[in-house]
Amino acid sequence: MGNSQKCDLCAKPATVHLTQIVNNQIHKLDLCEKCAAEKGVTDPNGFSLADLLVKSSDSSDKAGELLVCENCGFTQKDFKKTGRLGCPECYVYFAPLIDPVLRTMHKGDTHMGKVPEGAIERKVFHERIHHLEESLQASIKAERYEDAARLRDELLEVREAMAAKSISL
Amino acid sequence: MIIEPLLKARPEISGELSRKDTIVLTTRIRFARNLAEHPFPGWAKADQRKEVLSACLPSILGLSQMKSGLSAEVDDLSELEKQILIERHLISRELMEMKGGAGFVISKDQSNVVMINEEDHLRMQVLLPGFHFRKVMNAINVLDSKVEKCLEYAFSPKLGYLTACPTNLGTGMRASAMMHLPALVMSNQMEKVIRAVNQLGIAVRGLFGEGSDASGSIFQISNQTTLGESEAEIIKRLTSVLNTIIEQEFNARETLLETEPTKLFDKIGRAFALLQNSYLITSSETMNHLSLVRLGVDMGMISEEIRSSVDQLFIDCQPGHIQYLADNKIEPNERDIFRAAYLRSRFENLTKPEFIFKK
Ligand SMILES: [Zn+2]
Ligand SMILES: [Zn+2]
C-alpha cells in the first residue's frame, strides 16, 4: 500500500483517489479517509464532487455580487455551504456559477439522455386546452355561436384524446 | 417492527449462476428525479416535504411493481430498523437522517425501491443479483416512465433532469455493480485497478468498511458523471470496465493458484476455521473471512452448496442484523459474542475445504 500522496484538503496521507478526464485534462483529487468521509466521497449515496468544486469557486465571488434564486430564496452562500441547490429554478439563477464547472464535473454540458415524453406531451395538451377554452369564452362573448360550437367539439376531442392516453388534467 | 415482512422474506433462489455472476454480486441503477416547482428536500421546510410526500406516495403505491410492497415514513421507524435497511442497501443513510416527510416504498421482492425526500424528491432504484445491466435498465426505465405519467418532473432540455446536486444533472443516473474481488486485493493490485478506472470516469468504493479499506473485498463500482452522455453510453462504458475487472480478478486467481498455492490455501483454510471456531468476532473480521470462504467456493475448494448461505451471512453478520437476530436483547458490546455463536452454528456441520496442489 503506497501512501505517498497527501490529502488535498488537510495534507494527511491520502487513501481515496478520484480522477476524471475532461477535454483531455486530468482532474485529480486525493483525499484522506476523514476528509473523504466528511465530503461524502465514501458514502455511495452522498458522493458529491460539487461540494469540492464549491471550494474552488471561492475566488469567483466578489463582495456584493452574490447570486440569489428569486423563486426559493436560496443564496450563493447556501450553495457554498451545502454544494447543493434550493430548487429546480436555482439552475437559472446560479447559471454563472454552475455552467462553467459542468464540463469539469461531467463528460459534457448538454443533456443527451432520456426525455420525459409524458411531461412534454402533457404540457402540449394543457396549453392546447387552455387556448381552446379562452377562444371558446371569447367566441361566446362575441356571440359567434358557430365558432363556439366548433371549439366546444374540438375541446371535447382533445379531452378524449387525453383520456385515451390516460393523461390527467 | 414495521419492516418485519422484509426480513421474513426468504431470498428467491436464483437460477444457474454464470461465471461472471460469481464476481458481480448485484447490479443496481438509480434515477434521481424531482418535482417541478417544489424546493429540493434539503432546502424545503418539513411541511413542504410532507406536501411532496403526499403528492408522490399515491402514484408510487399505485404502480404494479409496488403491489403488496412495503411503505413507511422514516419518522415511524426505530433506530434498529433504520440500521437494518441501510445494511441491506435498500435505503440510504441520507434518507434516514432527513427530519420530517421522508418516506419510501419497497417492492415485495425488494428489487424496486423508491425513496421520497432523500437528497432529491425521488430516488428510484432497481437492484438485481448478478451481472444484469440490460434487465435492470429496462426495469428502471419502465418504473420511471410510469411515475412520469403521474408527476411533473423538473426537467430542462439543456441540463436534463434537474437535481439538488449538480453532480447528478442530466440523466440523474447512477449505475453500479457490487463486485467481490478478493484475488485482486490479495495480490495488491486493487489500487492500480482503482486508479485505472478512475481515469475513465468510473468510481470505486469499499462496501463495508470505510475508505479504501474494503473489508470483505467487496467494492461498489459506478459511473461518476451523469451529463453529456446518454444512459446507454454510460452503461456501455461501465460494462466494458466491469468486464475488464472481472477478467483481471479471474487472472489474479489463476496466478495465485499457480505461484502461491500454499499462501492461498492457508488463508482460505484459516478463514474457514475461524468462522467455525471463534467466540468473539467483529463484523469487519467476519466480512474478511466470509470473503475468503466465498473465494474457496468459487475455486471449487469448498462445496458450492454453501454459497447462498455465505452470501446471506454477509448481510446477517452486520451489527444491526445481529441485534435483530438476538431479538434486540443484547448490549452492543455483546454482539461479537452473539455473532461468533451464530457463525459457529452455521459452520458446525460443513465439510472442510479440500485443497489440491496443481502439478
Ligand atoms: Zn484530509
Ligand atoms: Zn431556487
# chains A, B, ... in the order shown; residues from 1 in each chain; ligands from 1
>>> closest_atom_pairs(of="chain A", to="ligand 2", cutoff="7 Å", atoms="only C-alpha atoms and all ligand atoms", output="tab-separated table")
residue	atom	partner	partner_atom_place_in_ligand_line	distance
A:Cys69	CA	ligand 2	1 (Zn)	4.6
A:Glu70	CA	ligand 2	1 (Zn)	6.7
A:Asn71	CA	ligand 2	1 (Zn)	5.1
A:Cys72	CA	ligand 2	1 (Zn)	4.1
A:Gly73	CA	ligand 2	1 (Zn)	6.1
A:Phe74	CA	ligand 2	1 (Zn)	5.4
A:Leu85	CA	ligand 2	1 (Zn)	6.7
A:Gly86	CA	ligand 2	1 (Zn)	4.5
A:Cys87	CA	ligand 2	1 (Zn)	3.9
A:Pro88	CA	ligand 2	1 (Zn)	6.1
A:Glu89	CA	ligand 2	1 (Zn)	4.9
A:Cys90	CA	ligand 2	1 (Zn)	3.7
>>> interface_residues(of="chain B", to="chain A", cutoff="7 Å", atoms="only C-alpha atoms", output="ChimeraX atom specification")
/B:36-40,43,92,148-149,152,154,157-160,162,164-167,170-171,198-201,205,210-212,225-231
>>> closest_residue(among="B:Asp298, B:Glu285, B:Glu354, B:Glu334", to="Phe314 in chain B", atoms="only C-alpha atoms")
B:Glu285
>>> closest_residue(among="B:Glu305, B:Glu94, B:Glu348, B:Asp109", to="Leu274 in chain B", atoms="only C-alpha atoms")
B:Glu348
>>> closest_residue(among="A:Pro100, A:Ala11, A:His130, A:Tyr93", to="ligand 1", atoms="only C-alpha atoms and all ligand atoms")
A:Ala11
>>> residues_around(residues="Ala46 in chain B", least_positions_apart="3", cutoff="12 Å", atoms="only C-alpha atoms", output="PDB file with all heavy atoms, in the first residue's frame")
ATOM      1  N   PRO B  39     -39.301  23.135  -3.842  1.00  0.00           N
ATOM      2  CA  PRO B  39     -37.894  23.198  -3.396  1.00  0.00           C
ATOM      3  C   PRO B  39     -37.353  21.789  -3.144  1.00  0.00           C
ATOM      4  O   PRO B  39     -38.103  20.892  -2.760  1.00  0.00           O
ATOM      5  CB  PRO B  39     -37.966  24.000  -2.092  1.00  0.00           C
ATOM      6  CG  PRO B  39     -39.396  23.972  -1.676  1.00  0.00           C
ATOM      7  CD  PRO B  39     -40.210  23.809  -2.909  1.00  0.00           C
ATOM      8  N   PHE B  40     -36.054  21.608  -3.382  1.00  0.00           N
ATOM      9  CA  PHE B  40     -35.426  20.310  -3.130  1.00  0.00           C
ATOM     10  C   PHE B  40     -35.536  19.978  -1.632  1.00  0.00           C
ATOM     11  O   PHE B  40     -35.556  20.886  -0.795  1.00  0.00           O
ATOM     12  CB  PHE B  40     -33.956  20.334  -3.550  1.00  0.00           C
ATOM     13  CG  PHE B  40     -33.750  20.542  -5.030  1.00  0.00           C
ATOM     14  CD1 PHE B  40     -32.849  21.508  -5.504  1.00  0.00           C
ATOM     15  CD2 PHE B  40     -34.427  19.769  -5.971  1.00  0.00           C
ATOM     16  CE1 PHE B  40     -32.652  21.706  -6.864  1.00  0.00           C
ATOM     17  CE2 PHE B  40     -34.239  19.961  -7.334  1.00  0.00           C
ATOM     18  CZ  PHE B  40     -33.349  20.930  -7.786  1.00  0.00           C
ATOM     19  N   PRO B  41     -35.552  18.683  -1.288  1.00  0.00           N
ATOM     20  CA  PRO B  41     -35.782  18.292   0.118  1.00  0.00           C
ATOM     21  C   PRO B  41     -34.844  18.944   1.126  1.00  0.00           C
ATOM     22  O   PRO B  41     -35.280  19.313   2.223  1.00  0.00           O
ATOM     23  CB  PRO B  41     -35.561  16.781   0.090  1.00  0.00           C
ATOM     24  CG  PRO B  41     -35.898  16.380  -1.306  1.00  0.00           C
ATOM     25  CD  PRO B  41     -35.463  17.520  -2.177  1.00  0.00           C
ATOM     26  N   GLY B  42     -33.582  19.126   0.780  1.00  0.00           N
ATOM     27  CA  GLY B  42     -32.631  19.684   1.718  1.00  0.00           C
ATOM     28  C   GLY B  42     -32.907  21.145   2.059  1.00  0.00           C
ATOM     29  O   GLY B  42     -32.508  21.632   3.110  1.00  0.00           O
ATOM     30  N   TRP B  43     -33.584  21.841   1.182  1.00  0.00           N
ATOM     31  CA  TRP B  43     -33.869  23.260   1.369  1.00  0.00           C
ATOM     32  C   TRP B  43     -35.327  23.479   1.777  1.00  0.00           C
ATOM     33  O   TRP B  43     -35.670  24.506   2.361  1.00  0.00           O
ATOM     34  CB  TRP B  43     -33.548  24.022   0.074  1.00  0.00           C
ATOM     35  CG  TRP B  43     -33.774  25.505   0.112  1.00  0.00           C
ATOM     36  CD1 TRP B  43     -34.646  26.223  -0.656  1.00  0.00           C
ATOM     37  CD2 TRP B  43     -33.119  26.473   0.944  1.00  0.00           C
ATOM     38  NE1 TRP B  43     -34.577  27.559  -0.365  1.00  0.00           N
ATOM     39  CE2 TRP B  43     -33.643  27.749   0.623  1.00  0.00           C
ATOM     40  CE3 TRP B  43     -32.138  26.385   1.934  1.00  0.00           C
ATOM     41  CZ2 TRP B  43     -33.218  28.919   1.251  1.00  0.00           C
ATOM     42  CZ3 TRP B  43     -31.719  27.557   2.570  1.00  0.00           C
ATOM     43  CH2 TRP B  43     -32.257  28.797   2.218  1.00  0.00           C
ATOM     44  N   ARG B  49     -41.908  19.308   2.512  1.00  0.00           N
ATOM     45  CA  ARG B  49     -41.519  17.920   2.198  1.00  0.00           C
ATOM     46  C   ARG B  49     -42.723  16.997   2.337  1.00  0.00           C
ATOM     47  O   ARG B  49     -42.920  16.099   1.519  1.00  0.00           O
ATOM     48  CB  ARG B  49     -40.390  17.465   3.129  1.00  0.00           C
ATOM     49  CG  ARG B  49     -39.025  18.023   2.758  1.00  0.00           C
ATOM     50  CD  ARG B  49     -37.912  17.224   3.401  1.00  0.00           C
ATOM     51  NE  ARG B  49     -37.922  17.328   4.845  1.00  0.00           N
ATOM     52  CZ  ARG B  49     -37.246  18.263   5.535  1.00  0.00           C
ATOM     53  NH1 ARG B  49     -36.518  19.160   4.888  1.00  0.00           N
ATOM     54  NH2 ARG B  49     -37.300  18.292   6.842  1.00  0.00           N
ATOM     55  N   LYS B  50     -43.521  17.242   3.362  1.00  0.00           N
ATOM     56  CA  LYS B  50     -44.714  16.404   3.554  1.00  0.00           C
ATOM     57  C   LYS B  50     -45.672  16.549   2.380  1.00  0.00           C
ATOM     58  O   LYS B  50     -46.312  15.585   1.970  1.00  0.00           O
ATOM     59  CB  LYS B  50     -45.405  16.759   4.877  1.00  0.00           C
ATOM     60  CG  LYS B  50     -44.658  16.132   6.045  1.00  0.00           C
ATOM     61  CD  LYS B  50     -45.260  16.451   7.397  1.00  0.00           C
ATOM     62  CE  LYS B  50     -44.367  15.887   8.497  1.00  0.00           C
ATOM     63  NZ  LYS B  50     -44.444  16.670   9.726  1.00  0.00           N
ATOM     64  N   GLU B  51     -45.750  17.762   1.849  1.00  0.00           N
ATOM     65  CA  GLU B  51     -46.584  18.010   0.675  1.00  0.00           C
ATOM     66  C   GLU B  51     -46.106  17.144  -0.504  1.00  0.00           C
ATOM     67  O   GLU B  51     -46.909  16.515  -1.185  1.00  0.00           O
ATOM     68  CB  GLU B  51     -46.440  19.489   0.314  1.00  0.00           C
ATOM     69  CG  GLU B  51     -47.613  20.141  -0.361  1.00  0.00           C
ATOM     70  CD  GLU B  51     -47.335  21.630  -0.518  1.00  0.00           C
ATOM     71  OE1 GLU B  51     -47.396  22.352   0.506  1.00  0.00           O
ATOM     72  OE2 GLU B  51     -47.011  22.043  -1.637  1.00  0.00           O
ATOM     73  N   VAL B  52     -44.793  17.126  -0.700  1.00  0.00           N
ATOM     74  CA  VAL B  52     -44.224  16.326  -1.781  1.00  0.00           C
ATOM     75  C   VAL B  52     -44.475  14.831  -1.529  1.00  0.00           C
ATOM     76  O   VAL B  52     -44.849  14.088  -2.439  1.00  0.00           O
ATOM     77  CB  VAL B  52     -42.702  16.598  -1.930  1.00  0.00           C
ATOM     78  CG1 VAL B  52     -42.037  15.554  -2.816  1.00  0.00           C
ATOM     79  CG2 VAL B  52     -42.463  17.997  -2.482  1.00  0.00           C
ATOM     80  N   LEU B  53     -44.320  14.433  -0.287  1.00  0.00           N
ATOM     81  CA  LEU B  53     -44.557  13.031   0.063  1.00  0.00           C
ATOM     82  C   LEU B  53     -45.989  12.634  -0.263  1.00  0.00           C
ATOM     83  O   LEU B  53     -46.229  11.602  -0.904  1.00  0.00           O
ATOM     84  CB  LEU B  53     -44.259  12.798   1.548  1.00  0.00           C
ATOM     85  CG  LEU B  53     -44.415  11.367   2.064  1.00  0.00           C
ATOM     86  CD1 LEU B  53     -43.351  10.458   1.468  1.00  0.00           C
ATOM     87  CD2 LEU B  53     -44.324  11.313   3.590  1.00  0.00           C
ATOM     88  N   ASP B  75     -39.808   8.670   9.959  1.00  0.00           N
ATOM     89  CA  ASP B  75     -40.056   9.058  11.346  1.00  0.00           C
ATOM     90  C   ASP B  75     -40.724   7.952  12.166  1.00  0.00           C
ATOM     91  O   ASP B  75     -40.676   7.961  13.387  1.00  0.00           O
ATOM     92  CB  ASP B  75     -40.952  10.312  11.398  1.00  0.00           C
ATOM     93  CG  ASP B  75     -40.184  11.545  10.928  1.00  0.00           C
ATOM     94  OD1 ASP B  75     -38.943  11.483  10.897  1.00  0.00           O
ATOM     95  OD2 ASP B  75     -40.822  12.552  10.585  1.00  0.00           O
ATOM     96  N   MET B  98     -33.072  12.476   7.304  1.00  0.00           N
ATOM     97  CA  MET B  98     -33.992  13.561   6.969  1.00  0.00           C
ATOM     98  C   MET B  98     -35.099  13.651   8.017  1.00  0.00           C
ATOM     99  O   MET B  98     -35.700  12.641   8.366  1.00  0.00           O
ATOM    100  CB  MET B  98     -34.586  13.284   5.585  1.00  0.00           C
ATOM    101  CG  MET B  98     -35.344  14.441   5.007  1.00  0.00           C
ATOM    102  SD  MET B  98     -34.354  15.922   4.735  1.00  0.00           S
ATOM    103  CE  MET B  98     -33.765  15.672   3.063  1.00  0.00           C
ATOM    104  N   LYS B  99     -35.315  14.858   8.525  1.00  0.00           N
ATOM    105  CA  LYS B  99     -36.343  15.029   9.556  1.00  0.00           C
ATOM    106  C   LYS B  99     -37.646  15.503   8.926  1.00  0.00           C
ATOM    107  O   LYS B  99     -37.713  16.589   8.388  1.00  0.00           O
ATOM    108  CB  LYS B  99     -35.883  16.055  10.609  1.00  0.00           C
ATOM    109  CG  LYS B  99     -34.613  15.648  11.354  1.00  0.00           C
ATOM    110  CD  LYS B  99     -34.940  14.882  12.627  1.00  0.00           C
ATOM    111  CE  LYS B  99     -33.684  14.407  13.327  1.00  0.00           C
ATOM    112  NZ  LYS B  99     -32.990  13.298  12.637  1.00  0.00           N
ATOM    113  N   GLY B 100     -38.651  14.687   8.982  1.00  0.00           N
ATOM    114  CA  GLY B 100     -39.974  15.092   8.519  1.00  0.00           C
ATOM    115  C   GLY B 100     -40.190  14.936   7.033  1.00  0.00           C
ATOM    116  O   GLY B 100     -39.482  15.537   6.237  1.00  0.00           O
ATOM    117  N   GLY B 101     -41.152  14.114   6.655  1.00  0.00           N
ATOM    118  CA  GLY B 101     -41.550  13.988   5.258  1.00  0.00           C
ATOM    119  C   GLY B 101     -40.749  12.999   4.433  1.00  0.00           C
ATOM    120  O   GLY B 101     -40.979  12.867   3.242  1.00  0.00           O
ATOM    121  N   ALA B 102     -39.790  12.305   5.058  1.00  0.00           N
ATOM    122  CA  ALA B 102     -39.021  11.315   4.303  1.00  0.00           C
ATOM    123  C   ALA B 102     -39.746   9.973   4.357  1.00  0.00           C
ATOM    124  O   ALA B 102     -40.191   9.539   5.413  1.00  0.00           O
ATOM    125  CB  ALA B 102     -37.618  11.174   4.877  1.00  0.00           C
ATOM    126  N   ASN B 117     -38.011  12.228  -0.807  1.00  0.00           N
ATOM    127  CA  ASN B 117     -37.350  13.253   0.008  1.00  0.00           C
ATOM    128  C   ASN B 117     -36.010  12.805   0.575  1.00  0.00           C
ATOM    129  O   ASN B 117     -35.705  13.022   1.748  1.00  0.00           O
ATOM    130  CB  ASN B 117     -38.266  13.745   1.134  1.00  0.00           C
ATOM    131  CG  ASN B 117     -39.339  14.675   0.621  1.00  0.00           C
ATOM    132  OD1 ASN B 117     -39.077  15.515  -0.242  1.00  0.00           O
ATOM    133  ND2 ASN B 117     -40.545  14.521   1.121  1.00  0.00           N
TER     134      ASN B 117
END
